[in-house]
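Engineer: So I've got this file, protein-v1.csv, and it contains CSV, C-alpha atoms (C1' of nucleotides):
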```csv
chain,number,residue,atom,x,y,z
G,47,MET,CA,13.7,92.3,-146.9
G,48,HIS,CA,12.2,89.4,-145.2
G,49,GLY,CA,9.5,89.8,-147.6
G,50,SER,CA,9.8,86.2,-148.5
G,51,GLU,CA,6.5,85.8,-146.6
G,52,ASN,CA,3.8,86.4,-149.1
G,53,PRO,CA,1.3,88.9,-150.4
G,54,LYS,CA,-1.7,87.9,-148.3
G,55,ASP,CA,0.4,88.1,-145.1
G,56,ASP,CA,-0.3,91.6,-144.1
G,57,ASP,CA,2.2,92.8,-141.6
G,58,LYS,CA,0.3,93.9,-138.6
G,59,PRO,CA,2.6,95.6,-136.1
G,60,PRO,CA,1.1,94.1,-133.0
G,61,ILE,CA,3.5,95.4,-130.5
G,62,ASP,CA,5.0,98.4,-128.9
G,63,ILE,CA,8.5,97.7,-130.0
G,64,ASP,CA,7.2,100.0,-132.6
G,65,LEU,CA,8.3,102.7,-130.4
G,66,LEU,CA,11.9,101.7,-130.2
G,67,LEU,CA,13.8,104.0,-132.4
G,68,PRO,CA,16.8,101.9,-133.2
G,69,PHE,CA,14.6,99.0,-134.2
G,70,GLN,CA,12.6,101.1,-136.6
G,71,ILE,CA,15.6,102.7,-138.1
G,72,SER,CA,17.2,99.3,-138.7
G,73,GLN,CA,14.0,98.2,-140.4
G,74,LEU,CA,13.8,101.3,-142.5
G,75,ASN,CA,17.4,100.9,-143.5
G,76,ALA,CA,16.8,97.4,-144.6
G,77,LYS,CA,13.9,98.5,-146.8
G,78,LEU,CA,15.9,101.3,-148.3
G,79,ALA,CA,18.8,99.0,-149.1
G,80,ALA,CA,16.4,96.5,-150.7
G,81,GLN,CA,14.9,99.3,-152.8
G,82,ALA,CA,18.3,100.5,-153.9
G,83,ARG,CA,19.4,97.0,-154.7
G,84,ALA,CA,16.3,96.4,-156.8
G,85,ILE,CA,16.9,99.6,-158.8
G,86,ILE,CA,20.5,98.9,-159.3
G,87,ALA,CA,19.9,95.3,-160.3
G,88,ARG,CA,17.6,96.4,-163.1
G,89,HIS,CA,20.5,98.1,-164.8
G,90,GLY,CA,23.4,95.9,-164.3
G,91,THR,CA,25.4,93.8,-161.9
G,92,LEU,CA,26.8,96.4,-159.5
G,93,SER,CA,26.5,95.7,-155.9
G,94,LEU,CA,25.3,98.4,-153.6
G,95,PRO,CA,28.7,99.2,-152.1
G,96,GLU,CA,30.2,99.2,-155.5
G,97,TRP,CA,27.5,101.7,-156.6
G,98,ARG,CA,28.3,104.0,-153.7
G,99,ILE,CA,31.9,104.2,-154.8
G,100,ILE,CA,31.0,104.7,-158.5
G,101,ARG,CA,28.7,107.5,-157.4
G,102,VAL,CA,31.2,109.3,-155.3
G,103,VAL,CA,33.8,109.2,-158.0
G,104,GLY,CA,31.3,109.9,-160.7
G,105,MET,CA,30.1,113.0,-158.9
G,106,LYS,CA,33.6,114.2,-158.7
G,107,VAL,CA,33.2,114.5,-155.0
G,108,ALA,CA,36.6,113.0,-154.5
G,109,THR,CA,39.3,111.0,-156.3
G,110,GLY,CA,41.9,110.2,-153.7
G,111,SER,CA,41.4,106.8,-152.1
G,112,THR,CA,41.0,108.0,-148.5
G,113,ALA,CA,38.7,110.9,-149.5
G,114,VAL,CA,36.5,108.6,-151.5
G,115,ARG,CA,36.4,106.0,-148.8
G,116,LYS,CA,35.3,108.6,-146.2
G,117,ALA,CA,32.8,110.2,-148.5
G,118,ALA,CA,31.2,106.8,-149.1
G,119,GLY,CA,31.3,106.0,-145.4
G,120,ILE,CA,32.7,102.6,-146.0
G,121,ASP,CA,35.1,100.6,-143.8
G,122,LYS,CA,38.7,100.4,-144.8
G,123,SER,CA,38.6,96.7,-145.3
G,124,GLN,CA,35.4,96.6,-147.3
G,125,PHE,CA,36.6,99.6,-149.3
G,126,SER,CA,39.8,97.8,-150.3
G,127,ARG,CA,37.9,94.7,-151.4
G,128,THR,CA,35.2,96.6,-153.2
G,129,VAL,CA,37.6,98.8,-155.2
G,130,ASN,CA,39.5,95.7,-156.2
G,131,ALA,CA,36.3,94.2,-157.5
G,132,LEU,CA,35.5,97.3,-159.4
G,133,VAL,CA,38.9,97.3,-161.0
G,134,GLU,CA,38.6,93.6,-161.8
G,135,ASP,CA,35.3,94.2,-163.5
G,136,GLY,CA,36.6,97.2,-165.4
G,137,PHE,CA,34.5,100.0,-163.9
G,138,VAL,CA,37.3,102.0,-162.4
G,139,GLU,CA,41.1,102.5,-162.8
G,140,VAL,CA,43.5,103.3,-160.1
G,141,HIS,CA,46.8,105.2,-160.3
G,142,PRO,CA,49.4,105.7,-157.6
G,143,SER,CA,49.1,109.0,-155.8
G,144,SER,CA,52.0,111.4,-156.3
G,145,GLU,CA,51.3,113.1,-153.0
G,146,ASP,CA,51.1,110.0,-150.8
G,147,ARG,CA,52.6,106.8,-151.7
G,148,ARG,CA,50.1,104.9,-149.5
G,149,GLN,CA,47.1,106.2,-151.4
G,150,PHE,CA,45.9,106.0,-155.0
G,151,GLU,CA,43.7,107.9,-157.3
G,152,ILE,CA,40.5,106.5,-158.6
G,153,SER,CA,38.9,107.3,-161.9
G,154,LEU,CA,36.0,105.8,-163.8
G,155,THR,CA,36.5,103.9,-167.1
G,156,SER,CA,34.1,104.5,-169.9
G,157,LYS,CA,32.2,101.4,-168.6
G,158,GLY,CA,32.1,103.0,-165.2
G,159,HIS,CA,30.8,106.3,-166.6
G,160,ALA,CA,28.2,104.5,-168.6
G,161,ALA,CA,26.9,102.7,-165.4
G,162,HIS,CA,26.9,106.0,-163.5
G,163,ASP,CA,25.0,107.9,-166.2
G,164,ARG,CA,22.4,105.1,-166.4
G,165,LEU,CA,21.9,104.8,-162.7
G,166,ALA,CA,22.2,108.3,-161.4
G,167,PRO,CA,18.9,109.6,-162.8
G,168,GLU,CA,17.1,106.6,-161.3
G,169,LEU,CA,18.5,107.1,-157.9
G,170,ASP,CA,17.9,110.8,-158.0
G,171,ALA,CA,14.3,110.1,-158.8
G,172,ARG,CA,14.2,107.8,-155.9
G,173,GLN,CA,15.6,110.5,-153.6
G,174,ARG,CA,12.8,112.9,-154.8
G,175,HIS,CA,10.3,110.1,-154.3
G,176,LEU,CA,11.4,109.6,-150.7
G,177,LEU,CA,11.4,113.3,-149.9
G,178,GLY,CA,8.0,113.6,-151.5
G,179,ALA,CA,6.6,111.0,-149.1
G,180,LEU,CA,7.4,113.3,-146.2
G,181,SER,CA,5.2,116.2,-145.1
G,182,PRO,CA,6.8,119.6,-145.2
G,183,ALA,CA,7.2,119.6,-141.4
G,184,GLU,CA,8.9,116.2,-141.5
G,185,ARG,CA,11.1,117.3,-144.4
G,186,ALA,CA,12.2,120.4,-142.5
G,187,VAL,CA,13.6,118.5,-139.6
G,188,ILE,CA,14.6,115.1,-140.9
G,189,HIS,CA,18.2,116.0,-141.6
G,190,SER,CA,18.9,117.6,-138.3
G,191,ALA,CA,17.1,114.8,-136.5
G,192,ILE,CA,19.3,112.3,-138.1
G,193,ARG,CA,22.4,114.3,-137.2
G,194,ALA,CA,21.2,114.6,-133.7
G,195,LEU,CA,20.7,110.9,-133.4
G,196,ALA,CA,24.0,110.1,-135.0
G,197,ARG,CA,25.7,112.2,-132.4
G,198,ALA,CA,23.7,110.7,-129.6
G,199,ALA,CA,24.6,107.2,-130.9
G,200,GLU,CA,28.3,107.8,-130.2
G,201,GLN,CA,27.9,107.7,-126.5
G,202,THR,CA,27.8,104.4,-124.8
G,203,GLU,CA,27.6,105.6,-121.3
G,204,PHE,CA,24.7,107.5,-119.7
G,205,ASN,CA,22.8,107.6,-116.5
G,206,LEU,CA,20.1,105.0,-115.9
G,207,ASP,CA,17.9,107.7,-114.4
G,208,ILE,CA,15.2,109.4,-116.3
G,209,ASP,CA,17.5,112.3,-117.1
G,210,SER,CA,17.7,112.5,-120.8
G,211,LYS,CA,18.0,116.2,-120.4
G,212,GLY,CA,20.0,117.2,-123.4
G,213,THR,CA,20.3,120.9,-124.1
G,214,GLN,CA,19.0,120.3,-127.6
G,215,ASP,CA,21.2,123.2,-128.8
G,216,ASN,CA,21.6,121.7,-132.2
G,217,ALA,CA,19.9,122.6,-135.4
J,126,MET,CA,31.9,102.1,-136.5
J,127,HIS,CA,34.8,102.4,-138.8
J,128,GLY,CA,36.1,104.5,-135.9
J,129,SER,CA,39.4,102.8,-136.4
J,130,GLU,CA,40.6,106.1,-137.8
J,131,ASN,CA,41.7,108.2,-134.8
J,132,PRO,CA,40.7,111.1,-132.5
J,133,LYS,CA,42.6,113.8,-134.3
J,134,ASP,CA,40.9,112.8,-137.6
J,135,ASP,CA,38.0,115.2,-137.6
J,136,ASP,CA,35.5,114.0,-140.1
J,137,LYS,CA,34.7,116.9,-142.2
J,138,PRO,CA,31.7,116.2,-144.4
J,139,PRO,CA,33.0,117.9,-147.5
J,140,ILE,CA,30.3,116.8,-149.9
J,141,ASP,CA,26.7,117.0,-150.7
J,142,ILE,CA,26.1,113.3,-150.4
J,143,ASP,CA,25.2,114.5,-147.0
J,144,LEU,CA,21.8,115.2,-148.5
J,145,LEU,CA,21.1,111.7,-149.6
J,146,LEU,CA,18.7,110.3,-147.2
J,147,PRO,CA,19.4,106.6,-147.6
J,148,PHE,CA,23.1,107.2,-147.1
J,149,GLN,CA,22.6,109.1,-143.9
J,150,ILE,CA,20.1,106.6,-142.6
J,151,SER,CA,22.5,103.7,-143.3
J,152,GLN,CA,25.3,105.6,-141.5
J,153,LEU,CA,23.0,106.3,-138.6
J,154,ASN,CA,21.9,102.7,-138.4
J,155,ALA,CA,25.5,101.6,-138.3
J,156,LYS,CA,26.2,103.9,-135.4
J,157,LEU,CA,23.1,102.8,-133.5
J,158,ALA,CA,24.0,99.1,-134.0
J,159,ALA,CA,27.5,99.8,-132.8
J,160,GLN,CA,26.2,101.6,-129.7
J,161,ALA,CA,23.9,98.7,-129.0
J,162,ARG,CA,26.6,96.2,-129.4
J,163,ALA,CA,28.9,98.1,-127.1
J,164,ILE,CA,26.2,98.2,-124.4
J,165,ILE,CA,25.3,94.6,-124.8
J,166,ALA,CA,28.9,93.5,-124.7
J,167,ARG,CA,29.5,95.1,-121.4
J,168,HIS,CA,27.0,92.7,-119.8
J,169,GLY,CA,27.6,89.4,-121.4
J,170,THR,CA,28.1,87.6,-124.7
J,171,LEU,CA,24.8,88.1,-126.4
J,172,SER,CA,24.9,89.1,-130.0
J,173,LEU,CA,22.6,91.9,-131.1
J,174,PRO,CA,20.1,89.7,-132.9
J,175,GLU,CA,20.1,87.3,-129.9
J,176,TRP,CA,19.3,90.2,-127.7
J,177,ARG,CA,16.4,91.3,-129.9
J,178,ILE,CA,14.8,87.9,-129.5
J,179,ILE,CA,15.4,87.8,-125.8
J,180,ARG,CA,13.8,91.2,-125.5
J,181,VAL,CA,10.7,90.3,-127.4
J,182,VAL,CA,10.2,87.2,-125.4
J,183,GLY,CA,11.1,88.9,-122.2
J,184,MET,CA,8.6,91.6,-122.8
J,185,LYS,CA,6.0,89.0,-123.3
J,186,VAL,CA,5.2,90.6,-126.6
J,187,ALA,CA,4.9,87.1,-128.1
J,188,THR,CA,5.9,83.5,-127.5
J,189,GLY,CA,4.9,81.7,-130.7
J,190,SER,CA,7.8,81.3,-133.0
J,191,THR,CA,6.3,83.2,-136.0
J,192,ALA,CA,5.0,85.9,-133.8
J,193,VAL,CA,8.4,86.5,-132.1
J,194,ARG,CA,10.1,86.4,-135.5
J,195,LYS,CA,7.9,89.1,-136.9
J,196,ALA,CA,8.0,91.2,-133.8
J,197,ALA,CA,11.7,91.1,-133.9
J,198,GLY,CA,11.7,91.9,-137.6
J,199,ILE,CA,14.2,89.1,-138.4
J,200,ASP,CA,14.4,87.0,-141.5
J,201,LYS,CA,13.3,83.4,-141.2
J,202,SER,CA,16.7,82.1,-141.9
J,203,GLN,CA,18.6,84.2,-139.4
J,204,PHE,CA,15.8,83.6,-136.8
J,205,SER,CA,16.1,79.9,-137.1
J,206,ARG,CA,19.9,80.0,-136.5
J,207,THR,CA,19.8,82.6,-133.8
J,208,VAL,CA,17.1,80.7,-131.8
J,209,ASN,CA,19.2,77.6,-132.0
J,210,ALA,CA,22.2,79.4,-130.7
J,211,LEU,CA,20.1,80.8,-127.8
J,212,VAL,CA,18.9,77.3,-126.9
J,213,GLU,CA,22.5,76.0,-127.3
J,214,ASP,CA,23.7,78.6,-124.8
J,215,GLY,CA,20.9,78.0,-122.4
J,216,PHE,CA,19.1,81.4,-122.7
J,217,VAL,CA,15.8,80.1,-124.0
J,218,GLU,CA,13.8,76.9,-124.2
J,219,VAL,CA,11.5,75.8,-127.0
J,220,HIS,CA,8.4,73.6,-126.8
J,221,PRO,CA,6.3,72.3,-129.7
J,222,SER,CA,3.2,74.3,-130.3
J,223,SER,CA,-0.1,72.5,-129.7
J,224,GLU,CA,-1.9,74.7,-132.2
J,225,ASP,CA,0.5,74.4,-135.2
J,226,ARG,CA,2.9,71.5,-135.5
J,227,ARG,CA,5.2,73.6,-137.6
J,228,GLN,CA,5.7,76.2,-135.0
J,229,PHE,CA,7.1,76.2,-131.4
J,230,GLU,CA,6.8,78.2,-128.3
J,231,ILE,CA,9.7,80.1,-126.9
J,232,SER,CA,10.4,80.9,-123.2
J,233,LEU,CA,13.3,82.3,-121.3
J,234,THR,CA,15.3,80.2,-119.0
J,235,SER,CA,16.4,81.7,-115.7
J,236,LYS,CA,19.7,82.5,-117.4
J,237,GLY,CA,17.7,84.2,-120.1
J,238,HIS,CA,15.6,86.2,-117.6
J,239,ALA,CA,18.8,87.3,-115.8
J,240,ALA,CA,20.3,88.6,-119.0
J,241,HIS,CA,17.1,90.4,-119.9
J,242,ASP,CA,16.8,92.0,-116.4
J,243,ARG,CA,20.3,93.2,-116.6
J,244,LEU,CA,20.2,94.6,-120.0
J,245,ALA,CA,16.7,96.0,-120.3
J,246,PRO,CA,17.3,99.0,-118.0
J,247,GLU,CA,20.4,100.0,-119.9
J,248,LEU,CA,18.7,99.9,-123.3
J,249,ASP,CA,15.7,101.7,-122.0
J,250,ALA,CA,18.1,104.4,-120.7
J,251,ARG,CA,19.6,104.5,-124.1
J,252,GLN,CA,16.2,105.0,-125.8
J,253,ARG,CA,15.6,107.9,-123.5
J,254,HIS,CA,19.0,109.3,-124.3
J,255,LEU,CA,18.3,109.1,-128.0
J,256,LEU,CA,14.9,110.7,-127.7
J,257,GLY,CA,16.4,113.4,-125.4
J,258,ALA,CA,18.8,114.3,-128.2
J,259,LEU,CA,15.9,115.4,-130.4
J,260,SER,CA,14.1,118.7,-130.2
J,261,PRO,CA,10.4,118.5,-129.4
J,262,ALA,CA,9.6,119.3,-133.0
J,263,GLU,CA,11.8,116.5,-134.2
J,264,ARG,CA,10.4,114.1,-131.6
J,265,ALA,CA,6.9,114.9,-132.7
J,266,VAL,CA,7.4,113.8,-136.3
J,267,ILE,CA,10.2,111.3,-136.2
J,268,HIS,CA,8.0,108.2,-136.0
J,269,SER,CA,5.6,109.3,-138.7
J,270,ALA,CA,8.5,110.3,-140.9
J,271,ILE,CA,10.1,106.9,-140.5
J,272,ARG,CA,6.8,105.2,-141.3
J,273,ALA,CA,6.3,107.4,-144.4
J,274,LEU,CA,9.8,106.6,-145.6
J,275,ALA,CA,9.4,102.9,-144.9
J,276,ARG,CA,6.3,102.9,-147.1
J,277,ALA,CA,8.0,104.9,-149.8
J,278,ALA,CA,10.8,102.5,-149.7
J,279,GLU,CA,8.6,99.7,-150.9
J,280,GLN,CA,8.2,101.1,-154.3
J,281,THR,CA,10.9,100.4,-156.9
J,282,GLU,CA,9.2,102.0,-159.8
J,283,PHE,CA,8.6,105.7,-160.2
J,284,ASN,CA,8.7,108.4,-162.8
J,285,LEU,CA,12.0,109.9,-163.7
J,286,ASP,CA,10.4,113.4,-164.0
J,287,ILE,CA,10.6,115.9,-161.2
J,288,ASP,CA,7.2,114.9,-160.0
J,289,SER,CA,7.8,113.7,-156.5
J,290,LYS,CA,4.2,114.8,-155.9
J,291,GLY,CA,3.0,112.9,-152.9
J,292,THR,CA,0.0,110.6,-152.9
J,293,GLN,CA,1.9,107.7,-154.3
J,294,ASP,CA,-1.3,105.7,-154.1
J,295,ASN,CA,0.5,102.5,-153.0
J,296,ALA,CA,-0.5,101.3,-149.5
Q,221,DA,C1',69.1,112.3,-138.9
Q,222,DG,C1',66.4,109.1,-135.8
Q,223,DT,C1',62.6,107.6,-133.7
Q,224,DA,C1',57.8,107.2,-132.0
Q,225,DT,C1',53.2,107.7,-133.4
Q,226,DA,C1',49.6,107.5,-136.4
Q,227,DA,C1',47.4,107.0,-141.0
Q,228,DG,C1',46.8,104.1,-145.1
Q,229,DG,C1',45.7,99.7,-147.4
Q,230,DT,C1',45.4,94.5,-147.3
Q,231,DG,C1',43.9,90.0,-145.7
Q,232,DG,C1',41.8,86.7,-142.4
Q,233,DA,C1',38.2,85.8,-139.4
Q,234,DT,C1',33.7,86.6,-137.9
Q,235,DA,C1',29.1,88.7,-137.5
Q,236,DT,C1',25.0,90.0,-139.7
Q,237,DG,C1',21.7,90.1,-143.3
Q,238,DT,C1',19.6,88.3,-147.6
Q,239,DC,C1',18.1,84.9,-151.1
Q,240,DA,C1',16.6,80.4,-152.9
Q,241,DA,C1',15.4,75.6,-152.5
Q,242,DC,C1',13.5,72.0,-149.7
Q,243,DG,C1',10.3,69.0,-146.7
Q,244,DT,C1',6.6,69.4,-143.6
Q,245,DC,C1',2.3,71.0,-142.1
Q,246,DT,C1',-2.2,73.9,-142.6
Q,247,DT,C1',-5.7,75.9,-145.0
Q,248,DG,C1',-9.2,76.5,-148.4
Q,249,DG,C1',-11.2,74.9,-152.0
Q,250,DT,C1',-13.7,71.0,-154.5
R,229,DA,C1',-11.6,62.7,-148.9
R,230,DC,C1',-8.6,65.0,-151.9
R,231,DC,C1',-5.7,68.4,-153.7
R,232,DA,C1',-3.5,72.9,-154.6
R,233,DA,C1',-1.7,76.8,-152.5
R,234,DG,C1',0.3,78.9,-148.9
R,235,DA,C1',2.9,79.3,-144.5
R,236,DC,C1',6.6,77.4,-141.5
R,237,DG,C1',11.3,76.3,-140.2
R,238,DT,C1',15.8,74.5,-141.9
R,239,DT,C1',19.8,74.6,-144.6
R,240,DG,C1',23.3,76.2,-148.0
R,241,DA,C1',25.1,79.9,-150.5
R,242,DC,C1',26.2,84.4,-150.8
R,243,DA,C1',26.3,89.6,-149.7
R,244,DT,C1',27.4,92.9,-146.6
R,245,DA,C1',29.6,94.8,-142.5
R,246,DT,C1',32.8,94.8,-138.7
R,247,DC,C1',37.0,93.7,-136.2
R,248,DC,C1',41.8,92.8,-135.8
R,249,DA,C1',46.7,92.0,-137.0
R,250,DC,C1',50.0,93.2,-140.3
R,251,DC,C1',53.2,95.9,-143.1
R,252,DT,C1',54.2,100.2,-145.4
R,253,DT,C1',54.5,105.1,-145.6
R,254,DA,C1',53.9,109.9,-143.4
R,255,DT,C1',54.2,113.0,-139.8
R,256,DA,C1',55.7,115.0,-135.5
R,257,DC,C1',59.1,115.4,-132.2
R,258,DT,C1',63.7,115.5,-130.6
```
Translate this structure into structure tokens?
Structural biologist:
Amino acid sequence: MHGSENPKDDDKPPIDIDLLLPFQISQLNAKLAAQARAIIARHGTLSLPEWRIIRVVGMKVATGSTAVRKAAGIDKSQFSRTVNALVEDGFVEVHPSSEDRRQFEISLTSKGHAAHDRLAPELDARQRHLLGALSPAERAVIHSAIRALARAAEQTEFNLDIDSKGTQDNA
Amino acid sequence: MHGSENPKDDDKPPIDIDLLLPFQISQLNAKLAAQARAIIARHGTLSLPEWRIIRVVGMKVATGSTAVRKAAGIDKSQFSRTVNALVEDGFVEVHPSSEDRRQFEISLTSKGHAAHDRLAPELDARQRHLLGALSPAERAVIHSAIRALARAAEQTEFNLDIDSKGTQDNA
DNA sequence: AGTATAAGGTGGATATGTCAACGTCTTGGT
DNA sequence: ACCAAGACGTTGACATATCCACCTTATACT
């Protein structure tokens, strides 16, 4: 974070920007990423995007390059570079795909497995920790709320009126 | 986004990574940022962090450098560079602070005001659009949920057991 | 078969965010 | 008055994310 301030510097939220959803979510995301980085850093030298890929492959969610890339939600470009870094450092191996000559298959080396087995429990505990911080009511709707917002974030055109009527059919 | 894929490419979420909160929030944040950038780009050449500063100053939330920086939630480093870029491009002016010789006061130029007045209604409409996509139940708890998660994200140590019992005494 | 279109991966350029070190100024002690 | 600790802004380095152009391979259509 920008926690380079100091301990005595209590962040008072003095403003009403507080109410702006995108702002808050961006702040939250930054904190979550910092937390993840701190945990990962305790157990090795993996970067956060590297860990995401290790996790997807380690969970056997997918092995094909495109499938892994989409599961991890990473951009093509970054994915390419990150996988190469992982190969370079001996965490994963790649093999040409027999189905599609453009793609490749990804598998963990023993080093990769070791990293996954060390980190997965920690991150699972964190996930429980995060969910535990929510009230039951919050927990009940958080996922659908995120999905609704993600969908709403795909539009870039909307009336300037106070319409916002949205047939909240979802969930 | 990484929407460089294509229209026919329907994203099927085949996995259970779906359930990982930090992952979803990071994806959501990316979409929100992309949406904001698209809107801002329609009306000028401001970058997203530049706009955040313009907005804070334009809303008269704060004028002192540190206050603006914290209200905008931007890192010291990025803040320094971004403000300089804004001065360079004639959107804001800075004056030395009489209270604290380390800080400075920030004010919008007429060009800065124009940009603010053009963009603010659009972004307000977007905020309504986003809130409108949520059900009343979701809207009722979204802010407290975000706050709870943000607080929970500040811890990096927790038991590996399936405790996840709340009252993580931090705060 | 032959071709247009699109998906896949790579690399360069750029934007955005984070971290650490520095010099300056303020504050709170003594 | 002095000094130590903290806060501030700046800079450089690096990490992460996005965008775009390119070439190769797959797929759909004819």
Engineer: Could you work out how far atom CA of Leu92 of chain G lies from atom CA of Ala171 of chain G, giving the answer in Å with one decimal?
Structural biologist: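 So the answer is 18.6 Å.
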Engineer: Any chance you could tabulate, as a Markdown table, the residues of chain J at most 8 Å from chain Q with each one's nearest atom pair and distance in Å to one decimal, using only C-alpha atoms (C1' of nucleotides), in chain and rising number order?
Structural biologist:
```
| residue | atom | partner | partner_atom | distance |
| --- | --- | --- | --- | --- |
| J:Glu130 | CA | Q:DA227 | C1' | 7.6 |
| J:Gln203 | CA | Q:DG237 | C1' | 7.7 |
| J:Asp225 | CA | Q:DT246 | C1' | 7.9 |
| J:Arg226 | CA | Q:DC245 | C1' | 6.6 |
| J:Arg227 | CA | Q:DC245 | C1' | 6.0 |
```
Engineer: Select, counting all atoms listed in the file, all protein, DNA and RNA residues no farther than 12 Å from (20.4, 99.0, -148.1) in file coordinates, and express the selection as a ChimeraX atom specification.
Structural biologist: /G:47,71-86,93-95,97-98 /J:146-152,154-155,278 /Q:237-238 /R:243-245
Engineer: Between atom CA of Glu247 of chain J and atom CA of Ala273 of chain J, what distance in Å does the model show, to one decimal?
Structural biologist: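 Straight-line distance from atom CA of Glu247 of chain J to atom CA of Ala273 of chain J works out to 29.2 Å.
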Engineer: Just the residues within 8 Å of segment 237-240 of chain R, please, counting all atoms listed in the file, with nothing from its chain fewer than 6 positions along; format it as a PyMOL selection string.
Structural biologist: chain J and resi 201-202+205+227-228
Engineer: Output C-alpha atoms of each residue in that selection to a file, as an mmCIF file, in the frame of the given file.
Structural biologist:
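Contents of the output file result_2.cif:
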```cif
data_model
loop_
_atom_site.group_PDB
_atom_site.id
_atom_site.type_symbol
_atom_site.label_atom_id
_atom_site.label_comp_id
_atom_site.auth_asym_id
_atom_site.auth_seq_id
_atom_site.Cartn_x
_atom_site.Cartn_y
_atom_site.Cartn_z
ATOM 1 C CA LYS J 201 13.300 83.400 -141.200
ATOM 2 C CA SER J 202 16.700 82.100 -141.900
ATOM 3 C CA SER J 205 16.100 79.900 -137.100
ATOM 4 C CA ARG J 227 5.200 73.600 -137.600
ATOM 5 C CA GLN J 228 5.700 76.200 -135.000
#
```
Engineer: Restricting the calculation to only C-alpha atoms: of J:Glu175, J:Asp200, J:Ala270, J:Arg194, which residue gets closest to Asp214 of chain J?
Structural biologist: J:Glu175
Engineer: Have a look at atom CA of Asp170 of chain G and atom CA of Val140 of chain G and let me know their distance in Å, one decimal.
Structural biologist: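 So the answer is 26.8 Å.
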Engineer: Might you pull out every residue within 6 Å of Glu230 of chain J, with all atoms listed in the file counted and same-chain residues fewer than 3 positions away left off, and present them as a PyMOL selection string?
Structural biologist: chain J and resi 188-190+219-220+222
Engineer: Since the input lacks some atoms of segment 82-97 of chain G, please model N, CA and C atoms and print them as a compact mmCIF listing (two decimals), in the coordinates of the input.
Structural biologist:
```
# COMPACT_ATOMS: atom_id res chain seq x y z
N ALA G 82 17.14 100.09 -153.08
CA ALA G 82 18.30 100.50 -153.90
C ALA G 82 18.84 99.28 -154.66
N ARG G 83 18.92 98.15 -154.02
CA ARG G 83 19.40 97.00 -154.70
C ARG G 83 18.52 96.61 -155.89
N ALA G 84 17.20 96.72 -155.69
CA ALA G 84 16.30 96.40 -156.80
C ALA G 84 16.50 97.32 -157.96
N ILE G 85 16.66 98.60 -157.68
CA ILE G 85 16.90 99.60 -158.80
C ILE G 85 18.17 99.30 -159.48
N ILE G 86 19.21 99.11 -158.71
CA ILE G 86 20.50 98.90 -159.30
C ILE G 86 20.54 97.60 -160.12
N ALA G 87 19.87 96.61 -159.61
CA ALA G 87 19.90 95.30 -160.30
C ALA G 87 19.20 95.37 -161.65
N ARG G 88 18.26 96.31 -161.79
CA ARG G 88 17.60 96.40 -163.10
C ARG G 88 18.52 96.89 -164.18
N HIS G 89 19.63 97.51 -163.81
CA HIS G 89 20.50 98.10 -164.80
C HIS G 89 21.88 97.54 -164.88
N GLY G 90 22.08 96.44 -164.25
CA GLY G 90 23.40 95.90 -164.30
C GLY G 90 23.71 94.95 -163.18
N THR G 91 24.96 94.79 -162.90
CA THR G 91 25.40 93.80 -161.90
C THR G 91 26.10 94.43 -160.73
N LEU G 92 26.06 95.76 -160.65
CA LEU G 92 26.80 96.40 -159.50
C LEU G 92 26.12 96.05 -158.21
N SER G 93 26.97 95.83 -157.22
CA SER G 93 26.50 95.70 -155.90
C SER G 93 26.24 97.06 -155.27
N LEU G 94 25.57 97.09 -154.16
CA LEU G 94 25.30 98.40 -153.60
C LEU G 94 26.53 99.13 -153.12
N PRO G 95 27.45 98.50 -152.42
CA PRO G 95 28.70 99.20 -152.10
C PRO G 95 29.49 99.63 -153.28
N GLU G 96 29.47 98.81 -154.30
CA GLU G 96 30.20 99.20 -155.50
C GLU G 96 29.54 100.46 -156.11
N TRP G 97 28.23 100.49 -156.12
CA TRP G 97 27.50 101.70 -156.60
C TRP G 97 27.90 102.92 -155.84
```
